[in-house]
Amino acid sequence: MQSFGSPNYFQFPSTKNDAVPYHLLQGNSKIPSYDFLNAKYILSFGINYLEESYSPVYYTKLYSHLRESSEERRTRFVHIDSRMSLTSANADRWIPIKPGTYGALALGIAFVLIKEKLIDANFIRSNTYGYEDWVDKNGIKHLGYKNNVLANYYPERVFQITAVPSETILELARELGNNNPSLVLGGDGSSNNTNGTFSQMAVHSLNALLGNFEKAGGIFYIDEAPMKKLPDFELDEISKQGIAQPPNGNSPGVAFPFTDFSMQTFTQNVLAEKPYPISMLFIYKGNPLFQTLNHRDFVEALKKIPLVVSFDSFINETNEYANIILPDHTFLEQWNVISNVPSVGFSHIGIQQPVIDPVYDTRSTADILIQLGNEPYENNSKPFPFGNYVSEIKYRMEGVYNSGEGAIVTEGLRGSWLEFLSQRGWQIGTYDSFDEFWDLLLERGGWWNPIRKKKEFSEIFNTPTGKFEFYSQVLKNRIDGTVNKKGINNSPQDIEFILGRLNITTRGDAIFLPHHEPIPYDDGMPIYLTTFQPITNRDGHASNLPLMQEMFGFLTRNYWNSWVELNPETASTYGISDDDWVWIESVNGSIKVKAKVHPGVVPSVAVVPFGLGHTSYGRYAKNHGVNPNTIMKNLYDTINGMPATQSTKVKISRAK
């Protein structure tokens, strides 16, 4: 996009949004990895890592490895969720919780850890900021994490918020604190709410209480794969002017202050032509209209853009509004590079290669963009000196070859053996030339480096204090900076304006500490609507494959169609039996689905799978099931811009 002179390259959804809680506490925008294999106790808040994580295959492998351990060495898994997911069902214990209250439970556990001195006092004293109350340079006293937790998150109050009994909170905290090394992670259910950032901060703060950084059984950060960087090139004047413009995906003001893209703000900006009109939109194999919570406005935004170009292999809801669809290869026909999937515990590169020749007259999007990017430039200053995408991949792999790190993937080669050799100055795999390395890389399909270099705390804590900040100065400085940019002083009225725009109801120093932020649910709507994504059809991308449609409801025996999961108590209240048709109604509309009644759902919660309900995308996808996003309120986490897919309440009734 630089060669085109555009600052607007966005991914939806983006891992950058997921990294915001870590950025606020650590000043580090990387997604951490977790040392499952050396942890004695793992406590997960809402993250369905066996089904909905960045790499379910990786976590399934870790899980199965741990389950093969002897009884005395076996890691204990406890999973907190409002639904018995695949991860809940495979845990040693499932803790049901009211949706949207994960942060409160995390802080209730912190209360017990602090009270019973089950914390790493040395780590907290040396490597954290804002744990105790403190006085700033102006002599003003500030509330610290410890006293905020002790005053507001005692187990009895947390029970009122979460519906998790006080006795259970005590048990979880004592198990967590007495089984070191223990590990805490969160996501999905705990993050996909309007309060997701603050909830994730609360969850992650437990790792700081336990000193869980850069140690066995804790959290660590992997290095980037040593791929060769693309060559520098001189932008022409038009491109320089374009790059200097602010990106369109977020506003420079208050909303979503810690992300470079929010679908909500992008849509509003396009409609308002702020900060400038968009004249062309490229969409690569995406279907944001199917995923967004703001369908009507996003359609109007697509209509407003003069030229919408879609690079895709299929017609879907979004590219039906495109002016041009350029057919791309399918995944079986294309080249690609997959590197460092977030949270996977080692550096890695996978080379995706075609297994068949293109069936139709299609072309790689990467090849088209390389051609377009080179078009305005002279021969000696082209951004892409290679002629096609395969040549670019080969160019970037030269960096891996020259680094001498890691090894080409080989069956039976264990990471421990690689580490053993590396410690003695030896290297697995020597090659007479880069061409030999490249040929073997294609034959084996990838490269990996399981050797982790322990990071200094100064490398992973990039905050103003250089420490883990319970009291987030990153957040404080951003809010103060937003006020000052408006040319006003930090008066109570000015701060109230900013906090109101961010939908933050907490006041005082607690704003900048991990805390529970209530969700603005609809009054009069008694049922929490939540969703999940079955592994067979993530984001609805596999709906055009009949085999995947057949497998979509294999656990509920509700094939090719959607359903709603209800607790027996909830179903009885509304006169609903298993396999009854049910109406689910929100302020934005209604959907009709079959009921599946079972005790693996918290009372007063309705769970609908996401992935079906297409109105386009081919004959196997169209008109099968429902899309729950179409009736959700258009709510987002106002700190990181993520859609709040777990923050809508609804009514349910038996269909007549």
# chains A, B, ... in the order shown; residues from 1 in each chain; ligands from 1
>>> select_by_dssp(residues="segment 472-576 of chain A", states="strand (DSSP E)", output="VMD selection string")
chain A and resid 527 to 532 563 to 566
>>> residues_around(residues="segment 311-322 of chain A", least_positions_apart="3", cutoff="10 Å", atoms="only C-alpha atoms", output="PyMOL selection string")
chain A and resi 281-291+298-300+302-303+305-308+325-331+362-366+368+541+544+614-618+621-622
>>> closest_residue(among="A:Phe384, A:Tyr131, A:Phe4, A:Tyr574", to="Gly242 of chain A", atoms="only C-alpha atoms")
A:Phe4
>>> residues_around(residues="segment 88-95 of chain A", least_positions_apart="2", cutoff="10 Å", atoms="only C-alpha atoms", output="PDB file with C-alpha atoms, in the first residue's frame")
ATOM      1  CA  ILE A  42      -3.980 -23.703  33.952  1.00  0.00           C
ATOM      2  CA  LEU A  43      -6.918 -21.359  34.559  1.00  0.00           C
ATOM      3  CA  SER A  44      -8.629 -20.126  31.390  1.00  0.00           C
ATOM      4  CA  PHE A  45     -11.229 -17.355  31.254  1.00  0.00           C
ATOM      5  CA  GLY A  46     -13.576 -17.864  28.309  1.00  0.00           C
ATOM      6  CA  ILE A  47     -10.904 -18.783  25.768  1.00  0.00           C
ATOM      7  CA  ASN A  48     -12.105 -21.806  23.815  1.00  0.00           C
ATOM      8  CA  TYR A  49      -8.568 -22.715  22.759  1.00  0.00           C
ATOM      9  CA  LEU A  50      -9.455 -26.203  21.492  1.00  0.00           C
ATOM     10  CA  TYR A  63      -3.521 -30.725  25.464  1.00  0.00           C
ATOM     11  CA  THR A  75      -1.523 -30.579  34.649  1.00  0.00           C
ATOM     12  CA  ARG A  76      -4.897 -29.536  36.049  1.00  0.00           C
ATOM     13  CA  PHE A  77      -7.130 -27.549  33.659  1.00  0.00           C
ATOM     14  CA  VAL A  78      -9.968 -25.327  34.915  1.00  0.00           C
ATOM     15  CA  HIS A  79     -12.106 -23.497  32.375  1.00  0.00           C
ATOM     16  CA  ILE A  80     -14.496 -20.598  33.072  1.00  0.00           C
ATOM     17  CA  ASP A  81     -17.272 -20.009  30.539  1.00  0.00           C
ATOM     18  CA  SER A  82     -21.014 -19.408  30.253  1.00  0.00           C
ATOM     19  CA  ARG A  83     -21.311 -22.431  27.962  1.00  0.00           C
ATOM     20  CA  MET A  84     -19.831 -25.916  28.100  1.00  0.00           C
ATOM     21  CA  SER A  85     -17.637 -25.537  25.031  1.00  0.00           C
ATOM     22  CA  LEU A  86     -15.280 -28.140  23.613  1.00  0.00           C
ATOM     23  CA  ILE A  97     -20.278 -17.720  34.855  1.00  0.00           C
ATOM     24  CA  VAL A 164     -19.894 -17.785  40.843  1.00  0.00           C
ATOM     25  CA  PRO A 165     -20.216 -18.835  44.525  1.00  0.00           C
ATOM     26  CA  THR A 168     -15.679 -21.520  44.382  1.00  0.00           C
ATOM     27  CA  ILE A 169     -13.718 -18.263  44.192  1.00  0.00           C
ATOM     28  CA  LEU A 172      -9.871 -21.364  42.494  1.00  0.00           C
ATOM     29  CA  GLY A 600     -24.208 -27.081  29.681  1.00  0.00           C
ATOM     30  CA  VAL A 602     -25.809 -20.966  32.237  1.00  0.00           C
TER      31      VAL A 602
END
>>> residues_around(residues="Lys117 of chain A", least_positions_apart="4", cutoff="12 Å", atoms="only C-alpha atoms", output="ChimeraX atom specification")
/A:110-113,121-122,146,173-174,177-178,209-210
>>> write_last_selection(atoms="N, CA and C atoms", output="mmCIF file, in the first residue's frame")
data_model
loop_
_atom_site.group_PDB
_atom_site.id
_atom_site.type_symbol
_atom_site.label_atom_id
_atom_site.label_comp_id
_atom_site.auth_asym_id
_atom_site.auth_seq_id
_atom_site.Cartn_x
_atom_site.Cartn_y
_atom_site.Cartn_z
ATOM 1 N N ALA A 110 -7.987 -12.460 42.612
ATOM 2 C CA ALA A 110 -6.861 -11.631 43.061
ATOM 3 C C ALA A 110 -7.022 -11.246 44.531
ATOM 4 N N PHE A 111 -8.249 -10.961 44.946
ATOM 5 C CA PHE A 111 -8.522 -10.621 46.353
ATOM 6 C C PHE A 111 -7.992 -11.719 47.277
ATOM 7 N N VAL A 112 -8.317 -12.966 46.962
ATOM 8 C CA VAL A 112 -7.899 -14.083 47.816
ATOM 9 C C VAL A 112 -6.382 -14.276 47.745
ATOM 10 N N LEU A 113 -5.811 -14.174 46.557
ATOM 11 C CA LEU A 113 -4.352 -14.316 46.418
ATOM 12 C C LEU A 113 -3.626 -13.287 47.285
ATOM 13 N N ALA A 121 5.792 -11.784 45.853
ATOM 14 C CA ALA A 121 6.066 -10.453 46.399
ATOM 15 C C ALA A 121 7.335 -9.849 45.826
ATOM 16 N N ASN A 122 8.349 -10.672 45.578
ATOM 17 C CA ASN A 122 9.607 -10.153 45.029
ATOM 18 C C ASN A 122 9.408 -9.591 43.630
ATOM 19 N N LYS A 146 -3.819 -3.062 44.687
ATOM 20 C CA LYS A 146 -4.124 -3.887 45.855
ATOM 21 C C LYS A 146 -5.331 -3.354 46.612
ATOM 22 N N ALA A 173 -8.723 -19.616 43.719
ATOM 23 C CA ALA A 173 -7.556 -18.814 44.093
ATOM 24 C C ALA A 173 -6.513 -19.660 44.808
ATOM 25 N N ARG A 174 -6.952 -20.521 45.715
ATOM 26 C CA ARG A 174 -6.004 -21.347 46.471
ATOM 27 C C ARG A 174 -5.342 -22.389 45.572
ATOM 28 N N GLY A 177 -2.802 -20.360 43.446
ATOM 29 C CA GLY A 177 -1.651 -19.869 44.188
ATOM 30 C C GLY A 177 -0.765 -20.941 44.762
ATOM 31 N N ASN A 178 -1.305 -22.143 44.958
ATOM 32 C CA ASN A 178 -0.535 -23.216 45.605
ATOM 33 C C ASN A 178 -0.010 -24.270 44.641
ATOM 34 N N LEU A 209 0.572 -10.988 39.434
ATOM 35 C CA LEU A 209 0.585 -11.335 40.862
ATOM 36 C C LEU A 209 1.422 -12.583 41.115
ATOM 37 N N LEU A 210 1.422 -13.498 40.148
ATOM 38 C CA LEU A 210 2.148 -14.759 40.311
ATOM 39 C C LEU A 210 3.566 -14.696 39.749
#
>>> closest_residue(among="A:Ser3, A:Asn180, A:Gln200, A:Ser70", to="Asp120 of chain A", atoms="only C-alpha atoms")
A:Asn180
>>> residues_around(residues="Lys467 of chain A", least_positions_apart="5", cutoff="12 Å", atoms="only C-alpha atoms", output="MDAnalysis selection string")
chainID A and resid 23:28 123:131 208 213 456:462 472:474
>>> atom_distance(atom1="atom CA of Thr430 of chain A", atom2="atom CA of Arg452 of chain A")
21.0 Å
>>> atom_distance(atom1="atom CA of Val149 of chain A", atom2="atom CA of Gly108 of chain A")
7.5 Å
>>> closest_atom_pairs(of="segment 525-575 of chain A", to="segment 189-197 of chain A", cutoff="10 Å", atoms="only C-alpha atoms", output="CSV")
residue,atom,partner,partner_atom,distance
A:Thr530,CA,A:Gly189,CA,8.4
A:Thr531,CA,A:Gly189,CA,8.8
A:Phe532,CA,A:Gly189,CA,8.6
>>> select_by_dssp(residues="segment 300-525 of chain A", states="helix (DSSP H, G or I)", output="ChimeraX atom specification")
/A:300-304,319-321,365-374,379-381,389-403,415-423,434-444,457-460,473-485,492-501,508-512
>>> write_last_selection(atoms="C-alpha atoms", output="mmCIF file, in the first residue's frame")
data_model
loop_
_atom_site.group_PDB
_atom_site.id
_atom_site.type_symbol
_atom_site.label_atom_id
_atom_site.label_comp_id
_atom_site.auth_asym_id
_atom_site.auth_seq_id
_atom_site.Cartn_x
_atom_site.Cartn_y
_atom_site.Cartn_z
ATOM 1 C CA GLU A 300 -24.330 2.252 2.487
ATOM 2 C CA ALA A 301 -20.567 2.737 2.906
ATOM 3 C CA LEU A 302 -19.867 0.205 0.125
ATOM 4 C CA LYS A 303 -22.355 1.982 -2.118
ATOM 5 C CA LYS A 304 -20.708 5.348 -1.434
ATOM 6 C CA ASN A 319 -18.488 -8.510 -3.002
ATOM 7 C CA GLU A 320 -22.030 -8.488 -4.352
ATOM 8 C CA TYR A 321 -21.576 -4.747 -3.851
ATOM 9 C CA THR A 365 -3.857 -11.381 -6.011
ATOM 10 C CA ALA A 366 -0.240 -10.985 -4.906
ATOM 11 C CA ASP A 367 0.931 -11.067 -8.529
ATOM 12 C CA ILE A 368 -1.630 -8.408 -9.469
ATOM 13 C CA LEU A 369 -0.569 -6.126 -6.608
ATOM 14 C CA ILE A 370 3.116 -6.557 -7.457
ATOM 15 C CA GLN A 371 2.386 -5.506 -11.038
ATOM 16 C CA LEU A 372 0.267 -2.537 -9.949
ATOM 17 C CA GLY A 373 2.789 -1.481 -7.296
ATOM 18 C CA ASN A 374 5.615 -1.402 -9.826
ATOM 19 C CA ASN A 379 12.926 0.149 -13.654
ATOM 20 C CA ASN A 380 15.706 0.954 -11.192
ATOM 21 C CA SER A 381 13.395 2.024 -8.363
ATOM 22 C CA TYR A 389 4.903 -13.645 -5.660
ATOM 23 C CA VAL A 390 6.856 -16.909 -5.747
ATOM 24 C CA SER A 391 10.045 -14.931 -6.413
ATOM 25 C CA GLU A 392 9.206 -12.676 -3.464
ATOM 26 C CA ILE A 393 8.771 -15.687 -1.160
ATOM 27 C CA LYS A 394 12.105 -17.068 -2.312
ATOM 28 C CA TYR A 395 13.741 -13.659 -1.736
ATOM 29 C CA ARG A 396 12.419 -13.467 1.829
ATOM 30 C CA MET A 397 13.577 -16.997 2.645
ATOM 31 C CA GLU A 398 17.165 -15.911 1.987
ATOM 32 C CA GLY A 399 17.047 -14.250 5.410
ATOM 33 C CA VAL A 400 16.171 -17.564 7.073
ATOM 34 C CA TYR A 401 18.981 -19.347 5.224
ATOM 35 C CA ASN A 402 21.550 -16.675 6.117
ATOM 36 C CA SER A 403 20.541 -16.597 9.794
ATOM 37 C CA GLY A 415 12.830 -29.289 19.739
ATOM 38 C CA SER A 416 14.853 -30.585 22.695
ATOM 39 C CA TRP A 417 17.411 -32.095 20.297
ATOM 40 C CA LEU A 418 17.696 -28.807 18.398
ATOM 41 C CA GLU A 419 18.265 -26.952 21.664
ATOM 42 C CA PHE A 420 20.858 -29.503 22.780
ATOM 43 C CA LEU A 421 22.853 -28.993 19.578
ATOM 44 C CA SER A 422 22.468 -25.210 19.612
ATOM 45 C CA GLN A 423 23.866 -24.956 23.147
ATOM 46 C CA PHE A 434 20.573 -21.433 -0.901
ATOM 47 C CA ASP A 435 19.025 -23.305 -3.823
ATOM 48 C CA GLU A 436 19.514 -26.574 -1.939
ATOM 49 C CA PHE A 437 17.910 -25.019 1.159
ATOM 50 C CA TRP A 438 14.985 -23.724 -0.932
ATOM 51 C CA ASP A 439 14.342 -27.069 -2.609
ATOM 52 C CA LEU A 440 14.321 -28.884 0.741
ATOM 53 C CA LEU A 441 12.095 -26.187 2.274
ATOM 54 C CA LEU A 442 9.513 -26.773 -0.455
ATOM 55 C CA GLU A 443 9.801 -30.538 -0.100
ATOM 56 C CA ARG A 444 9.211 -30.462 3.667
ATOM 57 C CA PHE A 457 12.022 -7.748 31.579
ATOM 58 C CA SER A 458 13.180 -4.542 29.907
ATOM 59 C CA GLU A 459 12.390 -6.202 26.548
ATOM 60 C CA ILE A 460 8.810 -7.193 27.397
ATOM 61 C CA GLN A 473 0.098 5.127 32.498
ATOM 62 C CA VAL A 474 -0.262 4.216 28.821
ATOM 63 C CA LEU A 475 -4.047 4.572 29.172
ATOM 64 C CA LYS A 476 -3.763 7.620 31.443
ATOM 65 C CA ASN A 477 -1.426 9.416 29.064
ATOM 66 C CA ARG A 478 -3.634 8.666 26.064
ATOM 67 C CA ILE A 479 -6.779 10.010 27.706
ATOM 68 C CA ASP A 480 -4.925 13.079 28.995
ATOM 69 C CA GLY A 481 -3.439 13.606 25.546
ATOM 70 C CA THR A 482 -6.870 13.387 23.930
ATOM 71 C CA VAL A 483 -8.144 16.095 26.260
ATOM 72 C CA ASN A 484 -5.157 18.330 25.634
ATOM 73 C CA LYS A 485 -5.425 17.922 21.852
ATOM 74 C CA PRO A 492 -13.725 17.476 35.535
ATOM 75 C CA GLN A 493 -16.120 18.424 32.725
ATOM 76 C CA ASP A 494 -13.531 17.679 30.034
ATOM 77 C CA ILE A 495 -12.637 14.309 31.540
ATOM 78 C CA GLU A 496 -16.341 13.453 31.834
ATOM 79 C CA PHE A 497 -16.773 14.193 28.128
ATOM 80 C CA ILE A 498 -13.950 11.843 27.170
ATOM 81 C CA LEU A 499 -15.075 9.053 29.501
ATOM 82 C CA GLY A 500 -18.627 9.390 28.247
ATOM 83 C CA ARG A 501 -17.470 8.956 24.657
ATOM 84 C CA GLY A 508 -11.185 8.073 39.681
ATOM 85 C CA ASP A 509 -7.923 6.120 39.633
ATOM 86 C CA ALA A 510 -9.815 2.849 39.139
ATOM 87 C CA ILE A 511 -10.240 3.819 35.463
ATOM 88 C CA PHE A 512 -6.560 3.074 34.887
#
>>> closest_residue(among="A:Pro275, A:Gly350, A:Pro342, A:Gly553", to="Gly445 of chain A", atoms="only C-alpha atoms")
A:Gly350
>>> residues_around(residues="Pro643 of chain A", least_positions_apart="5", cutoff="12 Å", atoms="only C-alpha atoms", output="tab-separated table (two decimals) with N, CA and C atoms, in the first residue's frame")
chain	number	residue	atom	x	y	z
A	12	PHE	N	-9.43	-7.37	9.19
A	12	PHE	CA	-10.64	-7.49	9.98
A	12	PHE	C	-11.04	-8.95	10.06
A	13	PRO	N	-11.13	-9.50	11.29
A	13	PRO	CA	-10.67	-8.91	12.55
A	13	PRO	C	-9.15	-8.92	12.62
A	14	SER	N	-8.58	-8.10	13.50
A	14	SER	CA	-7.13	-7.94	13.57
A	14	SER	C	-6.58	-8.39	14.91
A	17	ASN	N	-5.94	-5.66	17.62
A	17	ASN	CA	-6.97	-5.32	18.59
A	17	ASN	C	-6.88	-6.22	19.81
A	18	ASP	N	-6.61	-7.52	19.57
A	18	ASP	CA	-6.49	-8.47	20.69
A	18	ASP	C	-5.33	-8.12	21.60
A	188	ASP	N	-11.90	-14.79	23.77
A	188	ASP	CA	-13.23	-15.19	23.29
A	188	ASP	C	-14.32	-14.66	24.23
A	191	SER	N	-13.35	-11.57	26.15
A	191	SER	CA	-12.86	-10.40	25.42
A	191	SER	C	-13.88	-9.81	24.45
A	192	ASN	N	-14.87	-10.59	24.01
A	192	ASN	CA	-15.79	-10.12	22.98
A	192	ASN	C	-16.99	-9.38	23.57
A	193	ASN	N	-16.70	-8.41	24.42
A	193	ASN	CA	-17.73	-7.60	25.08
A	193	ASN	C	-17.32	-6.13	25.03
A	194	THR	N	-18.25	-5.27	25.39
A	194	THR	CA	-17.90	-3.84	25.47
A	194	THR	C	-16.83	-3.60	26.53
A	195	ASN	N	-16.75	-4.48	27.53
A	195	ASN	CA	-15.75	-4.34	28.59
A	195	ASN	C	-14.57	-5.30	28.39
A	196	GLY	N	-14.39	-5.80	27.16
A	196	GLY	CA	-13.39	-6.83	26.90
A	196	GLY	C	-11.97	-6.43	27.27
A	197	THR	N	-11.57	-5.20	26.95
A	197	THR	CA	-10.20	-4.77	27.26
A	197	THR	C	-9.96	-4.78	28.77
A	256	PHE	N	-12.09	4.49	20.18
A	256	PHE	CA	-11.14	3.42	19.94
A	256	PHE	C	-9.70	3.94	19.92
A	261	PHE	N	-7.61	0.22	13.50
A	261	PHE	CA	-8.78	-0.06	12.68
A	261	PHE	C	-9.95	-0.52	13.52
A	262	SER	N	-11.10	0.04	13.25
A	262	SER	CA	-12.36	-0.43	13.79
A	262	SER	C	-13.38	-0.38	12.65
A	263	MET	N	-14.09	-1.49	12.44
A	263	MET	CA	-15.09	-1.51	11.38
A	263	MET	C	-16.16	-0.45	11.61
A	264	GLN	N	-16.48	-0.19	12.87
A	264	GLN	CA	-17.46	0.83	13.20
A	264	GLN	C	-17.00	2.20	12.72
A	265	THR	N	-15.77	2.58	13.07
A	265	THR	CA	-15.28	3.91	12.71
A	265	THR	C	-15.02	4.01	11.21
A	288	PRO	N	-16.58	-8.88	5.24
A	288	PRO	CA	-16.90	-8.10	6.44
A	288	PRO	C	-18.38	-7.83	6.61
A	291	GLN	N	-19.82	-10.44	8.75
A	291	GLN	CA	-19.32	-10.47	10.11
A	291	GLN	C	-19.68	-9.24	10.94
A	292	THR	N	-19.88	-8.11	10.30
A	292	THR	CA	-20.07	-6.87	11.04
A	292	THR	C	-21.38	-6.87	11.81
A	293	LEU	N	-21.46	-6.02	12.83
A	293	LEU	CA	-22.70	-5.83	13.59
A	293	LEU	C	-23.52	-4.66	13.06
A	294	ASN	N	-23.00	-3.98	12.05
A	294	ASN	CA	-23.65	-2.77	11.54
A	294	ASN	C	-23.92	-2.95	10.05
A	629	ASN	N	-25.42	-12.29	14.19
A	629	ASN	CA	-24.89	-10.92	14.20
A	629	ASN	C	-25.91	-9.91	13.67
A	632	MET	N	-27.81	-8.38	16.63
A	632	MET	CA	-27.05	-7.84	17.76
A	632	MET	C	-27.02	-6.32	17.72
A	633	LYS	N	-26.92	-5.74	18.89
A	633	LYS	CA	-26.74	-4.30	18.97
A	633	LYS	C	-25.37	-3.93	18.40
A	634	ASN	N	-25.31	-2.76	17.80
A	634	ASN	CA	-24.06	-2.31	17.19
A	634	ASN	C	-23.14	-1.76	18.28
A	635	LEU	N	-22.59	-2.67	19.10
A	635	LEU	CA	-21.74	-2.29	20.22
A	635	LEU	C	-20.32	-2.80	19.99
A	636	TYR	N	-19.38	-2.02	20.48
A	636	TYR	CA	-17.98	-2.35	20.32
A	636	TYR	C	-17.24	-2.07	21.62
A	637	ASP	N	-16.12	-2.73	21.80
A	637	ASP	CA	-15.21	-2.36	22.88
A	637	ASP	C	-14.60	-1.02	22.49
A	638	THR	N	-14.92	0.02	23.26
A	638	THR	CA	-14.51	1.36	22.85
A	638	THR	C	-13.05	1.65	23.13
A	648	THR	N	-25.33	-8.38	23.88
A	648	THR	CA	-26.72	-8.10	23.53
A	648	THR	C	-27.65	-8.96	24.38
>>> atom_distance(atom1="atom CA of Pro247 of chain A", atom2="atom CA of Asn640 of chain A")
15.8 Å
>>> closest_residue(among="A:Pro514, A:Gly404, A:Gly613, A:Gly144", to="Gly103 of chain A", atoms="only C-alpha atoms")
A:Pro514
>>> closest_residue(among="A:Val135, A:Arg157, A:Pro628, A:Gln549", to="Thr645 of chain A", atoms="only C-alpha atoms")
A:Pro628
>>> decode(residues="segment 88-130 of chain A", atoms="C-alpha atoms", output="PDB file, in the first residue's frame")
ATOM      1  CA  SER A  88     -14.963 -26.788  28.948  1.00  0.00           C
ATOM      2  CA  ALA A  89     -15.880 -30.400  28.270  1.00  0.00           C
ATOM      3  CA  ASN A  90     -12.220 -31.445  28.180  1.00  0.00           C
ATOM      4  CA  ALA A  91     -11.220 -29.499  31.303  1.00  0.00           C
ATOM      5  CA  ASP A  92     -10.882 -31.069  34.741  1.00  0.00           C
ATOM      6  CA  ARG A  93     -13.457 -28.581  35.960  1.00  0.00           C
ATOM      7  CA  TRP A  94     -15.922 -26.212  34.298  1.00  0.00           C
ATOM      8  CA  ILE A  95     -16.917 -23.033  36.152  1.00  0.00           C
ATOM      9  CA  PRO A  96     -20.192 -21.531  34.818  1.00  0.00           C
ATOM     10  CA  ILE A  97     -20.278 -17.720  34.855  1.00  0.00           C
ATOM     11  CA  LYS A  98     -22.663 -14.941  33.905  1.00  0.00           C
ATOM     12  CA  PRO A  99     -21.626 -13.439  30.502  1.00  0.00           C
ATOM     13  CA  GLY A 100     -19.604 -10.241  30.593  1.00  0.00           C
ATOM     14  CA  THR A 101     -18.346 -10.641  34.174  1.00  0.00           C
ATOM     15  CA  TYR A 102     -15.011 -12.423  33.693  1.00  0.00           C
ATOM     16  CA  GLY A 103     -12.992  -9.424  34.854  1.00  0.00           C
ATOM     17  CA  ALA A 104     -14.864  -9.261  38.145  1.00  0.00           C
ATOM     18  CA  LEU A 105     -14.158 -12.949  38.789  1.00  0.00           C
ATOM     19  CA  ALA A 106     -10.454 -12.482  37.999  1.00  0.00           C
ATOM     20  CA  LEU A 107     -10.267  -9.665  40.530  1.00  0.00           C
ATOM     21  CA  GLY A 108     -12.185 -11.748  43.080  1.00  0.00           C
ATOM     22  CA  ILE A 109      -9.480 -14.388  42.710  1.00  0.00           C
ATOM     23  CA  ALA A 110      -6.861 -11.631  43.061  1.00  0.00           C
ATOM     24  CA  PHE A 111      -8.522 -10.621  46.353  1.00  0.00           C
ATOM     25  CA  VAL A 112      -7.899 -14.083  47.816  1.00  0.00           C
ATOM     26  CA  LEU A 113      -4.352 -14.316  46.418  1.00  0.00           C
ATOM     27  CA  ILE A 114      -3.481 -10.993  48.042  1.00  0.00           C
ATOM     28  CA  LYS A 115      -5.240 -11.697  51.336  1.00  0.00           C
ATOM     29  CA  GLU A 116      -3.632 -15.114  51.753  1.00  0.00           C
ATOM     30  CA  LYS A 117      -0.203 -13.969  50.499  1.00  0.00           C
ATOM     31  CA  LEU A 118      -0.194 -16.385  47.567  1.00  0.00           C
ATOM     32  CA  ILE A 119       1.594 -13.862  45.364  1.00  0.00           C
ATOM     33  CA  ASP A 120       5.155 -13.373  44.138  1.00  0.00           C
ATOM     34  CA  ALA A 121       6.066 -10.453  46.399  1.00  0.00           C
ATOM     35  CA  ASN A 122       9.607 -10.153  45.029  1.00  0.00           C
ATOM     36  CA  PHE A 123       8.407  -9.825  41.426  1.00  0.00           C
ATOM     37  CA  ILE A 124       5.733  -7.317  42.408  1.00  0.00           C
ATOM     38  CA  ARG A 125       8.173  -5.212  44.423  1.00  0.00           C
ATOM     39  CA  SER A 126      10.898  -5.132  41.754  1.00  0.00           C
ATOM     40  CA  ASN A 127       9.037  -5.285  38.441  1.00  0.00           C
ATOM     41  CA  THR A 128       5.597  -3.685  38.784  1.00  0.00           C
ATOM     42  CA  TYR A 129       4.132  -0.208  39.144  1.00  0.00           C
ATOM     43  CA  GLY A 130       0.884   0.828  40.807  1.00  0.00           C
TER      44      GLY A 130
END
